[in-house]
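Undergrad: See my_file28.cif below, with mmCIF, C-alpha atoms.
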data_data
#
loop_
_atom_site.group_PDB
_atom_site.id
_atom_site.type_symbol
_atom_site.label_atom_id
_atom_site.label_comp_id
_atom_site.auth_asym_id
_atom_site.auth_seq_id
_atom_site.Cartn_x
_atom_site.Cartn_y
_atom_site.Cartn_z
ATOM 1 C CA MET W 402 0.000 0.000 0.000
ATOM 2 C CA ASP W 403 1.213 3.456 -0.807
ATOM 3 C CA PRO W 404 2.484 4.974 2.435
ATOM 4 C CA MET W 405 1.640 8.461 1.197
ATOM 5 C CA LEU W 406 -2.017 7.587 0.932
ATOM 6 C CA GLU W 407 -2.983 6.012 4.184
ATOM 7 C CA PRO W 408 -6.335 4.283 4.478
ATOM 8 C CA ASN W 409 -9.298 6.177 5.783
ATOM 9 C CA ALA W 410 -9.952 3.772 8.592
ATOM 10 C CA THR W 411 -10.741 6.557 11.002
ATOM 11 C CA MET W 412 -13.591 7.837 8.873
ATOM 12 C CA THR W 413 -16.979 6.802 10.098
ATOM 13 C CA ARG W 414 -20.448 8.186 9.687
ATOM 14 C CA SER W 415 -20.588 8.880 13.406
ATOM 15 C CA VAL W 416 -17.807 11.485 13.253
ATOM 16 C CA SER W 417 -19.013 15.069 13.041
ATOM 17 C CA VAL W 418 -17.755 17.039 10.051
ATOM 18 C CA ALA W 419 -16.961 19.923 12.405
ATOM 19 C CA SER W 420 -14.677 17.763 14.545
ATOM 20 C CA TYR W 421 -11.701 18.161 12.202
ATOM 21 C CA GLN W 422 -9.938 21.526 12.269
ATOM 22 C CA PRO W 423 -7.139 21.750 9.704
ATOM 23 C CA PRO W 424 -4.802 24.725 9.114
ATOM 24 C CA SER W 425 -6.642 27.893 8.146
ATOM 25 C CA ASP W 426 -5.837 27.763 4.405
ATOM 26 C CA THR W 427 -6.776 24.109 4.053
ATOM 27 C CA ALA W 428 -10.520 24.536 3.870
ATOM 28 C CA GLU W 429 -10.201 27.023 1.035
ATOM 29 C CA TRP W 430 -7.804 24.730 -0.835
ATOM 30 C CA PHE W 431 -10.059 21.733 -0.215
ATOM 31 C CA GLY W 432 -13.074 23.587 -1.578
ATOM 32 C CA ARG W 433 -11.276 24.624 -4.746
ATOM 33 C CA SER W 434 -9.926 21.127 -5.251
ATOM 34 C CA VAL W 435 -13.285 19.431 -4.763
ATOM 35 C CA LEU W 436 -15.050 21.764 -7.180
ATOM 36 C CA GLY W 437 -12.252 21.167 -9.687
ATOM 37 C CA VAL W 438 -12.781 17.402 -9.746
ATOM 38 C CA LEU W 439 -16.531 17.448 -9.143
ATOM 39 C CA PRO W 440 -17.508 16.802 -12.797
ATOM 40 C CA ASP W 441 -15.077 13.843 -12.883
ATOM 41 C CA LEU W 442 -16.448 12.417 -9.656
ATOM 42 C CA VAL W 443 -20.062 12.834 -10.742
ATOM 43 C CA SER W 444 -19.320 11.236 -14.107
ATOM 44 C CA ALA W 445 -17.566 8.242 -12.546
ATOM 45 C CA ALA W 446 -20.238 7.871 -9.879
ATOM 46 C CA ARG W 447 -23.022 7.895 -12.479
ATOM 47 C CA ARG W 448 -21.371 5.093 -14.380
ATOM 48 C CA LEU W 449 -20.631 3.144 -11.201
ATOM 49 C CA THR W 450 -24.122 3.433 -9.738
ATOM 50 C CA ARG W 451 -25.983 3.714 -13.070
ATOM 51 C CA ASN W 452 -28.313 6.146 -11.333
ATOM 52 C CA SER W 453 -27.980 9.936 -11.099
ATOM 53 C CA ALA W 454 -29.527 10.335 -7.643
ATOM 54 C CA ASP W 455 -27.423 7.537 -6.158
ATOM 55 C CA ALA W 456 -24.372 9.050 -7.840
ATOM 56 C CA GLU W 457 -24.906 12.419 -6.174
ATOM 57 C CA ASP W 458 -25.393 10.779 -2.788
ATOM 58 C CA LEU W 459 -22.183 8.818 -3.340
ATOM 59 C CA VAL W 460 -20.187 11.917 -4.304
ATOM 60 C CA ALA W 461 -21.506 13.943 -1.369
ATOM 61 C CA GLU W 462 -20.611 11.122 1.016
ATOM 62 C CA ALA W 463 -17.147 10.863 -0.528
ATOM 63 C CA VAL W 464 -16.560 14.611 -0.175
ATOM 64 C CA ALA W 465 -17.553 14.504 3.487
ATOM 65 C CA LYS W 466 -15.272 11.532 4.133
ATOM 66 C CA ALA W 467 -12.437 13.197 2.274
ATOM 67 C CA TRP W 468 -12.722 16.197 4.569
ATOM 68 C CA LEU W 469 -12.725 14.013 7.650
ATOM 69 C CA GLY W 470 -9.694 12.062 6.429
ATOM 70 C CA LEU W 471 -7.798 14.990 4.959
ATOM 71 C CA ALA W 472 -4.933 14.598 7.412
ATOM 72 C CA ALA W 473 -4.071 11.295 5.668
ATOM 73 C CA LEU W 474 -3.379 13.060 2.359
ATOM 74 C CA LYS W 475 0.333 13.843 2.490
ATOM 75 C CA GLU W 476 0.756 15.265 -1.024
ATOM 76 C CA ARG W 477 -1.819 17.731 -2.285
ATOM 77 C CA ASP W 478 -0.983 17.091 -5.934
ATOM 78 C CA ARG W 479 -2.330 13.555 -5.472
ATOM 79 C CA PHE W 480 -5.747 14.841 -4.471
ATOM 80 C CA ARG W 481 -7.576 13.618 -7.579
ATOM 81 C CA GLY W 482 -6.419 9.998 -7.243
ATOM 82 C CA TRP W 483 -7.087 10.135 -3.527
ATOM 83 C CA MET W 484 -10.653 11.323 -4.113
ATOM 84 C CA PHE W 485 -11.257 8.461 -6.516
ATOM 85 C CA ARG W 486 -9.985 6.078 -3.878
ATOM 86 C CA ILE W 487 -12.440 7.430 -1.332
ATOM 87 C CA LEU W 488 -15.258 7.341 -3.901
ATOM 88 C CA THR W 489 -14.394 3.715 -4.644
ATOM 89 C CA ASN W 490 -14.273 2.739 -0.966
ATOM 90 C CA GLU W 491 -17.627 4.333 -0.344
ATOM 91 C CA PHE W 492 -19.164 2.723 -3.420
ATOM 92 C CA LEU W 493 -17.856 -0.715 -2.468
ATOM 93 C CA ALA W 494 -19.064 -0.278 1.099
ATOM 94 C CA GLN W 495 -22.542 0.548 -0.180
ATOM 95 C CA ARG W 496 -22.439 -2.383 -2.565
ATOM 96 C CA ARG W 497 -21.423 -4.753 0.203
ATOM 97 C CA LEU W 498 -24.420 -3.590 2.174
ATOM 98 C CA LEU W 499 -26.699 -4.195 -0.796
ATOM 99 C CA ALA W 500 -25.086 -7.547 -1.533
ATOM 100 C CA SER W 501 -25.974 -8.709 1.932
ATOM 101 C CA GLN W 502 -29.602 -7.953 1.087
ATOM 102 C CA HIS W 503 -29.704 -9.240 -2.482
ATOM 103 C CA GLU W 504 -28.051 -11.944 -4.508
ATOM 104 C CA SER W 505 -24.911 -10.684 -6.194
ATOM 105 C CA GLN W 506 -24.725 -10.304 -9.964
ATOM 106 C CA PRO W 507 -23.132 -13.364 -11.572
ATOM 107 C CA LEU W 508 -19.903 -12.765 -13.481
ATOM 108 C CA PRO W 509 -19.883 -13.545 -17.192
ATOM 109 C CA ASP W 510 -18.171 -16.685 -18.393
ATOM 110 C CA GLU W 511 -14.481 -16.520 -19.186
ATOM 111 C CA SER W 512 -14.775 -17.223 -22.909
ATOM 112 C CA GLY W 513 -12.248 -15.618 -25.239
ATOM 113 C CA ALA W 514 -11.675 -11.913 -25.708
ATOM 114 C CA PHE W 515 -14.103 -10.070 -27.981
ATOM 115 C CA SER W 516 -12.896 -7.471 -30.463
ATOM 116 C CA ILE W 517 -15.133 -5.269 -32.602
ATOM 117 C CA PHE W 518 -12.198 -4.723 -34.933
ATOM 118 C CA GLU W 519 -11.901 -8.446 -35.582
ATOM 119 C CA GLN W 520 -15.634 -8.735 -36.173
ATOM 120 C CA LEU W 521 -15.519 -5.905 -38.691
ATOM 121 C CA HIS W 522 -12.571 -7.477 -40.463
ATOM 122 C CA GLN W 523 -14.238 -10.766 -41.231
ATOM 123 C CA PRO W 524 -13.327 -11.686 -44.843
ATOM 124 C CA PHE W 525 -16.914 -11.291 -46.065
ATOM 125 C CA LEU W 526 -16.983 -7.689 -44.818
ATOM 126 C CA LEU W 527 -13.774 -6.518 -46.447
ATOM 127 C CA TRP W 528 -15.710 -4.884 -49.279
ATOM 128 C CA TRP W 529 -16.554 -2.212 -46.730
ATOM 129 C CA SER W 530 -13.775 0.342 -47.203
ATOM 130 C CA ASN W 531 -13.250 1.460 -43.613
ATOM 131 C CA PRO W 532 -15.773 -0.424 -41.492
ATOM 132 C CA GLU W 533 -14.269 0.463 -38.116
ATOM 133 C CA LYS W 534 -14.368 4.183 -38.886
ATOM 134 C CA GLU W 535 -17.971 3.979 -40.024
ATOM 135 C CA PHE W 536 -18.849 1.974 -36.952
ATOM 136 C CA LEU W 537 -17.368 4.565 -34.603
ATOM 137 C CA ASP W 538 -18.819 7.476 -36.567
ATOM 138 C CA LYS W 539 -22.315 6.125 -35.995
ATOM 139 C CA LEU W 540 -21.940 5.540 -32.286
ATOM 140 C CA LEU W 541 -23.838 7.931 -30.039
ATOM 141 C CA ARG W 542 -22.960 8.888 -26.495
ATOM 142 C CA GLU W 543 -25.988 6.980 -25.243
ATOM 143 C CA ASP W 544 -24.794 3.851 -27.064
ATOM 144 C CA ILE W 545 -21.507 3.995 -25.179
ATOM 145 C CA VAL W 546 -23.178 4.745 -21.845
ATOM 146 C CA ARG W 547 -25.546 1.814 -22.282
ATOM 147 C CA ALA W 548 -22.668 -0.495 -23.162
ATOM 148 C CA ILE W 549 -20.609 0.582 -20.141
ATOM 149 C CA ASP W 550 -23.589 0.182 -17.855
ATOM 150 C CA SER W 551 -24.044 -3.399 -19.035
ATOM 151 C CA VAL W 552 -20.547 -4.447 -17.944
ATOM 152 C CA PRO W 553 -20.498 -6.179 -14.526
ATOM 153 C CA GLU W 554 -19.331 -3.956 -11.705
ATOM 154 C CA THR W 555 -15.948 -5.600 -11.091
ATOM 155 C CA PHE W 556 -14.865 -4.904 -14.651
ATOM 156 C CA ARG W 557 -16.890 -1.736 -15.195
ATOM 157 C CA MET W 558 -15.010 0.034 -12.443
ATOM 158 C CA VAL W 559 -11.581 -0.397 -14.030
ATOM 159 C CA VAL W 560 -12.858 0.530 -17.492
ATOM 160 C CA ILE W 561 -14.391 3.729 -16.099
ATOM 161 C CA TYR W 562 -11.209 4.649 -14.261
ATOM 162 C CA ALA W 563 -8.820 3.804 -17.104
ATOM 163 C CA ASP W 564 -10.722 4.742 -20.255
ATOM 164 C CA VAL W 565 -13.168 7.383 -19.059
ATOM 165 C CA GLN W 566 -11.191 9.079 -16.282
ATOM 166 C CA GLY W 567 -7.694 8.360 -17.597
ATOM 167 C CA LEU W 568 -6.257 7.137 -14.296
ATOM 168 C CA SER W 569 -2.931 5.301 -14.411
ATOM 169 C CA TYR W 570 -2.728 1.606 -13.525
ATOM 170 C CA GLN W 571 -1.099 2.561 -10.221
ATOM 171 C CA GLU W 572 -3.850 5.056 -9.403
ATOM 172 C CA ILE W 573 -6.499 2.442 -10.184
ATOM 173 C CA ALA W 574 -4.676 -0.152 -8.086
ATOM 174 C CA ASP W 575 -4.551 2.334 -5.193
ATOM 175 C CA ALA W 576 -8.205 3.283 -5.631
ATOM 176 C CA ILE W 577 -9.522 -0.273 -5.734
ATOM 177 C CA GLY W 578 -6.953 -1.870 -3.456
ATOM 178 C CA VAL W 579 -5.733 -4.600 -5.813
ATOM 179 C CA PRO W 580 -2.340 -5.320 -7.447
ATOM 180 C CA ILE W 581 -1.527 -3.773 -10.818
ATOM 181 C CA GLY W 582 -1.623 -7.222 -12.426
ATOM 182 C CA THR W 583 -5.250 -7.544 -11.348
ATOM 183 C CA VAL W 584 -6.001 -4.105 -12.782
ATOM 184 C CA ARG W 585 -4.543 -5.211 -16.134
ATOM 185 C CA SER W 586 -6.482 -8.473 -16.264
ATOM 186 C CA ARG W 587 -9.756 -6.842 -15.207
ATOM 187 C CA LEU W 588 -9.216 -4.095 -17.749
ATOM 188 C CA ALA W 589 -8.663 -6.589 -20.555
ATOM 189 C CA ARG W 590 -11.787 -8.495 -19.570
ATOM 190 C CA GLY W 591 -13.811 -5.310 -19.070
ATOM 191 C CA ARG W 592 -12.854 -3.922 -22.454
ATOM 192 C CA SER W 593 -13.739 -7.192 -24.123
ATOM 193 C CA LEU W 594 -17.173 -7.184 -22.463
ATOM 194 C CA LEU W 595 -17.645 -3.522 -23.363
ATOM 195 C CA GLN W 596 -16.854 -4.154 -27.027
ATOM 196 C CA LYS W 597 -19.178 -7.139 -27.097
ATOM 197 C CA ALA W 598 -21.963 -5.014 -25.598
ATOM 198 C CA LEU W 599 -21.281 -2.211 -28.089
ATOM 199 C CA TRP W 600 -21.326 -4.692 -30.946
ATOM 200 C CA GLU W 601 -24.599 -6.263 -29.887
ATOM 201 C CA HIS W 602 -26.168 -2.872 -29.213
ATOM 202 C CA ALA W 603 -25.038 -1.633 -32.607
ATOM 203 C CA ARG W 604 -26.770 -4.579 -34.193
ATOM 204 C CA ASP W 605 -29.980 -3.981 -32.249
ATOM 205 C CA ALA W 606 -29.927 -0.228 -32.970
ATOM 206 C CA GLY W 607 -29.257 -0.749 -36.652
ATOM 207 C CA VAL W 608 -25.854 0.943 -36.512
ATOM 208 C CA ARG W 609 -24.536 -2.086 -38.351
ATOM 209 C CA THR W 610 -26.468 -4.457 -40.548
ATOM 210 C CA ARG W 611 -26.917 -8.043 -39.532
ATOM 211 C CA SER W 612 -24.198 -10.197 -40.971
ATOM 212 C CA LYS W 613 -24.972 -12.559 -43.811
ATOM 213 C CA ASN W 614 -22.783 -15.040 -42.016
ATOM 214 C CA PRO W 615 -24.990 -16.956 -39.581
ATOM 215 C CA ASP W 616 -22.007 -17.648 -37.339
ATOM 216 C CA VAL W 617 -21.408 -13.962 -36.694
ATOM 217 C CA THR W 618 -24.249 -12.068 -35.116
ATOM 218 C CA MET R 994 20.934 2.271 -27.132
ATOM 219 C CA SER R 995 17.612 0.443 -27.466
ATOM 220 C CA THR R 996 17.513 -3.328 -27.050
ATOM 221 C CA ALA R 997 14.107 -3.567 -28.690
ATOM 222 C CA GLU R 998 13.539 -6.704 -30.740
ATOM 223 C CA ALA R 999 11.299 -7.198 -33.735
ATOM 224 C CA ILE R 1000 7.964 -8.686 -32.675
ATOM 225 C CA ASN R 1001 5.189 -10.411 -34.595
ATOM 226 C CA CYS R 1002 1.542 -9.380 -34.797
ATOM 227 C CA GLU R 1003 0.457 -11.691 -32.010
ATOM 228 C CA GLU R 1004 2.959 -10.178 -29.597
ATOM 229 C CA ALA R 1005 2.165 -6.629 -30.741
ATOM 230 C CA LEU R 1006 -1.566 -7.127 -30.170
ATOM 231 C CA ARG R 1007 -0.892 -8.682 -26.766
ATOM 232 C CA LEU R 1008 0.916 -5.488 -25.738
ATOM 233 C CA LEU R 1009 -1.258 -3.023 -27.645
ATOM 234 C CA ALA R 1010 -3.706 -2.068 -24.887
ATOM 235 C CA VAL R 1011 -0.931 -1.405 -22.382
ATOM 236 C CA TYR R 1012 0.927 0.562 -25.051
ATOM 237 C CA LEU R 1013 -2.126 2.735 -25.775
ATOM 238 C CA ASP R 1014 -2.635 3.252 -22.042
ATOM 239 C CA GLY R 1015 0.845 4.775 -21.886
ATOM 240 C CA GLU R 1016 1.943 2.071 -19.469
ATOM 241 C CA LEU R 1017 4.484 0.298 -21.677
ATOM 242 C CA HIS R 1018 8.081 1.380 -21.335
ATOM 243 C CA GLY R 1019 11.579 0.649 -22.562
ATOM 244 C CA ALA R 1020 12.292 -2.031 -25.131
ATOM 245 C CA GLU R 1021 8.706 -3.330 -25.256
ATOM 246 C CA HIS R 1022 7.401 0.150 -26.030
ATOM 247 C CA THR R 1023 9.948 0.576 -28.812
ATOM 248 C CA SER R 1024 9.134 -2.852 -30.233
ATOM 249 C CA VAL R 1025 5.420 -2.104 -30.458
ATOM 250 C CA GLU R 1026 6.080 1.326 -31.920
ATOM 251 C CA ARG R 1027 8.308 -0.138 -34.627
ATOM 252 C CA HIS R 1028 5.841 -2.901 -35.424
ATOM 253 C CA LEU R 1029 2.993 -0.420 -35.868
ATOM 254 C CA LYS R 1030 5.087 1.505 -38.385
ATOM 255 C CA THR R 1031 5.543 -1.551 -40.549
ATOM 256 C CA CYS R 1032 2.285 -3.507 -40.158
ATOM 257 C CA ARG R 1033 -0.797 -1.994 -41.735
ATOM 258 C CA SER R 1034 -3.208 -4.414 -40.072
ATOM 259 C CA CYS R 1035 -1.917 -3.808 -36.543
ATOM 260 C CA PHE R 1036 -1.723 -0.078 -37.225
ATOM 261 C CA SER R 1037 -5.407 -0.087 -38.213
ATOM 262 C CA ARG R 1038 -6.265 -2.031 -35.075
ATOM 263 C CA SER R 1039 -4.287 0.461 -33.026
ATOM 264 C CA GLU R 1040 -6.114 3.379 -34.632
ATOM 265 C CA PHE R 1041 -9.466 1.767 -33.901
ATOM 266 C CA GLU R 1042 -8.692 1.005 -30.263
ATOM 267 C CA SER R 1043 -7.238 4.472 -29.782
ATOM 268 C CA ARG R 1044 -10.316 6.167 -31.198
ATOM 269 C CA LEU R 1045 -12.666 4.006 -29.141
ATOM 270 C CA LYS R 1046 -10.673 4.951 -26.058
ATOM 271 C CA SER R 1047 -11.009 8.583 -27.060
ATOM 272 C CA GLU R 1048 -14.784 8.208 -27.429
ATOM 273 C CA LEU R 1049 -14.964 6.780 -23.910
ATOM 274 C CA SER R 1050 -12.927 9.654 -22.509
ATOM 275 C CA GLN R 1051 -15.609 12.039 -23.764
ATOM 276 C CA LEU R 1052 -17.741 10.792 -20.869
ATOM 277 C CA ALA R 1053 -15.149 11.958 -18.346
ATOM 278 C CA ARG R 1054 -16.717 15.189 -17.225
ATOM 279 C CA ASP R 1055 -20.471 15.110 -16.903
ATOM 280 C CA ASP R 1056 -22.438 18.258 -16.413
ATOM 281 C CA VAL R 1057 -23.093 18.719 -12.733
ATOM 282 C CA ARG R 1058 -26.620 19.695 -11.753
ATOM 283 C CA PRO R 1059 -26.485 23.284 -10.464
ATOM 284 C CA ALA R 1060 -28.516 22.305 -7.397
ATOM 285 C CA PHE R 1061 -26.050 19.542 -6.577
ATOM 286 C CA GLU R 1062 -23.056 21.813 -7.047
ATOM 287 C CA GLN R 1063 -24.728 24.267 -4.682
ATOM 288 C CA GLN R 1064 -25.215 21.442 -2.191
ATOM 289 C CA ILE R 1065 -21.502 20.643 -2.345
ATOM 290 C CA ARG R 1066 -20.600 24.324 -2.004
ATOM 291 C CA GLN R 1067 -22.729 24.517 1.128
ATOM 292 C CA LEU R 1068 -21.024 21.413 2.490
ATOM 293 C CA ILE R 1069 -17.637 23.012 1.867
ATOM 294 C CA THR R 1070 -18.780 26.258 3.464
ATOM 295 C CA GLN R 1071 -19.691 24.221 6.517
ATOM 296 C CA PHE R 1072 -16.136 22.811 6.509
ATOM 297 C CA THR R 1073 -14.660 26.278 6.148
ATOM 298 C CA ALA R 1074 -16.644 27.554 9.107
ATOM 299 C CA SER R 1075 -15.557 24.590 11.200
ATOM 300 C CA SER R 1076 -11.872 25.250 10.442
ATOM 301 C CA VAL R 1077 -11.869 28.771 11.921
ATOM 302 C CA GLU R 1078 -10.067 28.851 15.223
ATOM 303 C CA PRO R 1079 -12.489 29.007 18.135
ATOM 304 C CA SER R 1080 -11.085 32.251 19.548
ATOM 305 C CA ARG R 1081 -11.436 34.063 16.215
ATOM 306 C CA ASP R 1082 -14.805 32.468 15.632
ATOM 307 C CA ARG R 1083 -16.190 34.025 18.781
ATOM 308 C CA ASN R 1084 -14.989 37.551 17.970
#
Produce structure tokens that represent the structure in this file.
TA:
Amino acid sequence: MDPMLEPNATMTRSVSVASYQPPSDTAEWFGRSVLGVLPDLVSAARRLTRNSADAEDLVAEAVAKAWLGLAALKERDRFRGWMFRILTNEFLAQRRLLASQHESQPLPDESGAFSIFEQLHQPFLLWWSNPEKEFLDKLLREDIVRAIDSVPETFRMVVIYADVQGLSYQEIADAIGVPIGTVRSRLARGRSLLQKALWEHARDAGVRTRSKNPDVT
Amino acid sequence: MSTAEAINCEEALRLLAVYLDGELHGAEHTSVERHLKTCRSCFSRSEFESRLKSELSQLARDDVRPAFEQQIRQLITQFTASSVEPSRDRN
């Protein structure tokens, strides 16, 4: 674990926000920093929770916990990654609570990686001059959102952090609390699932025509 | 001097995602870079994956509801008030 980013074990809901009194300039800096990353946090939270109201609750809770645990942040320039770590911890804590009340979502099978590019480059489709460009040109924001939302949580989280938020592997590993090797494997699996979802959605939405090859849907 | 070795398509595609994530360094990075300059198929794949990644990054900063931003500002104001030293706070 990164010694510069100590865990927020002391943060609990029972602690009053007013109980922490940092140096006088800290509150102002904290406010500026939070507002600076707020759109990123809201975006990530929406994709994690798949619900705008839950996302706002999650972000607000994360901001409060960040304030309470601010003493653990040793380097201010690592604030963004630190906030994502707190957001992740809070999200996972909420999910654990829900999981104890409901059956957890089953993980998809571990069949081979899926690639849109390979699907578009089937020999019978090579008449299409630049199929991958046309495919991407026709994608709408809502198509991508729907595809991300369909990816199981374990994999969705790393895809959101890597591809949407642009976090490094180390930052993701710190945020989720897993080794970098696990980040890489989850990312590969998550991207494969995302591309499969995009491909299937594109078929359903008519972005691509149904293949003449019955083996490729 | 680079010790990068020539790699085949299979190896290049195995490393491609890490390369595009900016997480590949040293000889492996150079090997992938060289391969992409000489292999049209892998270059096309790289362009596709890179553009898809770019499309995803467009979701990075959602619009924040003004009412929610105000809620966060109020929360921060509460923090600011709590950080004032008690003696100054009373004056």
Undergrad: Rank nothing, just name the residue among W:Glu554, W:Glu601, W:Glu543, W:Glu462 nearest to Leu1068 in chain R, using only C-alpha atoms.
TA: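 Ranking W:Glu554, W:Glu601, W:Glu543, W:Glu462 by distance to Leu1068 in chain R, first place goes to W:Glu462.
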Undergrad: Could you tell me how far CA of Gln1071 in chain R lies from CA of Ala461 in chain W, in Å and to one decimal?
TA: 13.1 Å
Undergrad: Using the chain letters and numbers from the file, which residues does the PyMOL selection byres ((chain R) within 9 of (chain W)) grab, as a VMD selection string?
TA: chain R and resid 1010 to 1011 1014 to 1016 1037 to 1038 1041 to 1042 1044 to 1057 1061 to 1062 1064 to 1066 1068 to 1078
Undergrad: Any chance you could resolve the PyMOL selection byres ((chain W and resi 514) around 6) against this file and give the residues as a ChimeraX atom specification?
TA: /W:513,515,593
Undergrad: Using CA of Met558 in chain W and CA of Leu1008 in chain R as the two end points, give the distance in Å to one decimal.
TA: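 Answer for the CA of Met558 in chain W to CA of Leu1008 in chain R separation: 21.5 Å.
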Undergrad: Output, as JSON, the centre and edge lengths in Å (one decimal) of the axis-aligned box that contains all listed atoms of range 1049-1059 of chain R with 8 Å of margin on each side.
TA:
{"center_x": -19.8, "center_y": 15.0, "center_z": -17.2, "size_x": 29.7, "size_y": 32.5, "size_z": 29.4}
Undergrad: Taking into account only C-alpha atoms, which residue in the set W:Ala456, W:Leu498, W:Leu595, W:Ala472 is nearest to Arg547 in chain W?
TA: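 Closest to Arg547 in chain W of all the choices is W:Leu595.
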Undergrad: Quick check, in Å to one decimal: how far apart do CA of Cys1002 in chain R and CA of Ser1034 in chain R lie?
TA: 8.7 Å
Undergrad: I want to know what sits within 9 Å of Tyr1012 in chain R, based on only C-alpha atoms, with residues of the same chain fewer than 4 positions away left out; could you give that as number ranges by chain?
TA: R: 1008, 1016-1018, 1021-1022, 1025-1026
Undergrad: From the set W:Asp544, W:Asp455, W:Asp478, W:Glu491, which residue has the shortest atom-to-atom contact distance to Ile577 in chain W, counting all atoms listed in the file?
TA: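 The shortest atom-to-atom distance to Ile577 in chain W comes from W:Glu491.
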Undergrad: Using all atoms listed in the file, which residue out of R:Arg1007, R:Ser1039, R:Glu998, R:Thr1031 lies closest to Gly1019 in chain R?
TA: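 Result for the nearest residue to Gly1019 in chain R: R:Glu998.
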Undergrad: Restricting the calculation to all atoms listed in the file, which member of R:Leu1013, R:Pro1059, R:Gln1067, R:Leu1006 is positioned closest to His1028 in chain R?
TA: R:Leu1006
Undergrad: Taking all atoms listed in the file into account, name the residue in W:Leu449, W:Val552, W:Val579, W:Ala574 that is nearest to Leu493 in chain W.
TA: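 Looking at the shortest contact to Leu493 in chain W, the residue is W:Leu449.
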Undergrad: Dump N, CA and C atoms of range 1050-1065 of chain R from the given block, as a compact mmCIF listing (two decimals), in the first residue's frame.
TA:
# COMPACT_ATOMS: atom_id res chain seq x y z
N SER R 1050 -13.42 8.55 -23.35
CA SER R 1050 -12.93 9.65 -22.51
C SER R 1050 -13.83 10.88 -22.59
N GLN R 1051 -14.68 10.91 -23.64
CA GLN R 1051 -15.61 12.04 -23.76
C GLN R 1051 -16.66 12.04 -22.65
N LEU R 1052 -16.77 10.89 -21.97
CA LEU R 1052 -17.74 10.79 -20.87
C LEU R 1052 -17.14 11.26 -19.55
N ALA R 1053 -15.90 11.72 -19.59
CA ALA R 1053 -15.15 11.96 -18.35
C ALA R 1053 -15.75 13.03 -17.46
N ARG R 1054 -16.23 14.08 -18.05
CA ARG R 1054 -16.72 15.19 -17.22
C ARG R 1054 -18.18 15.46 -17.54
N ASP R 1055 -19.04 14.88 -16.73
CA ASP R 1055 -20.47 15.11 -16.90
C ASP R 1055 -20.84 16.51 -16.42
N ASP R 1056 -21.90 17.03 -16.96
CA ASP R 1056 -22.44 18.26 -16.41
C ASP R 1056 -22.95 17.97 -15.01
N VAL R 1057 -22.63 18.88 -14.11
CA VAL R 1057 -23.09 18.72 -12.73
C VAL R 1057 -24.36 19.54 -12.57
N ARG R 1058 -25.37 18.95 -12.00
CA ARG R 1058 -26.62 19.69 -11.75
C ARG R 1058 -26.32 20.90 -10.88
N PRO R 1059 -26.77 22.09 -11.28
CA PRO R 1059 -26.49 23.28 -10.46
C PRO R 1059 -26.90 23.12 -9.01
N ALA R 1060 -28.04 22.47 -8.78
CA ALA R 1060 -28.52 22.31 -7.40
C ALA R 1060 -27.55 21.42 -6.61
N PHE R 1061 -26.98 20.43 -7.28
CA PHE R 1061 -26.05 19.54 -6.58
C PHE R 1061 -24.74 20.27 -6.30
N GLU R 1062 -24.28 21.05 -7.28
CA GLU R 1062 -23.06 21.81 -7.05
C GLU R 1062 -23.25 22.78 -5.87
N GLN R 1063 -24.43 23.36 -5.80
CA GLN R 1063 -24.73 24.27 -4.68
C GLN R 1063 -24.70 23.51 -3.36
N GLN R 1064 -25.21 22.28 -3.40
CA GLN R 1064 -25.22 21.44 -2.19
C GLN R 1064 -23.77 21.17 -1.73
N ILE R 1065 -22.91 20.91 -2.68
CA ILE R 1065 -21.50 20.64 -2.35
C ILE R 1065 -20.83 21.92 -1.84
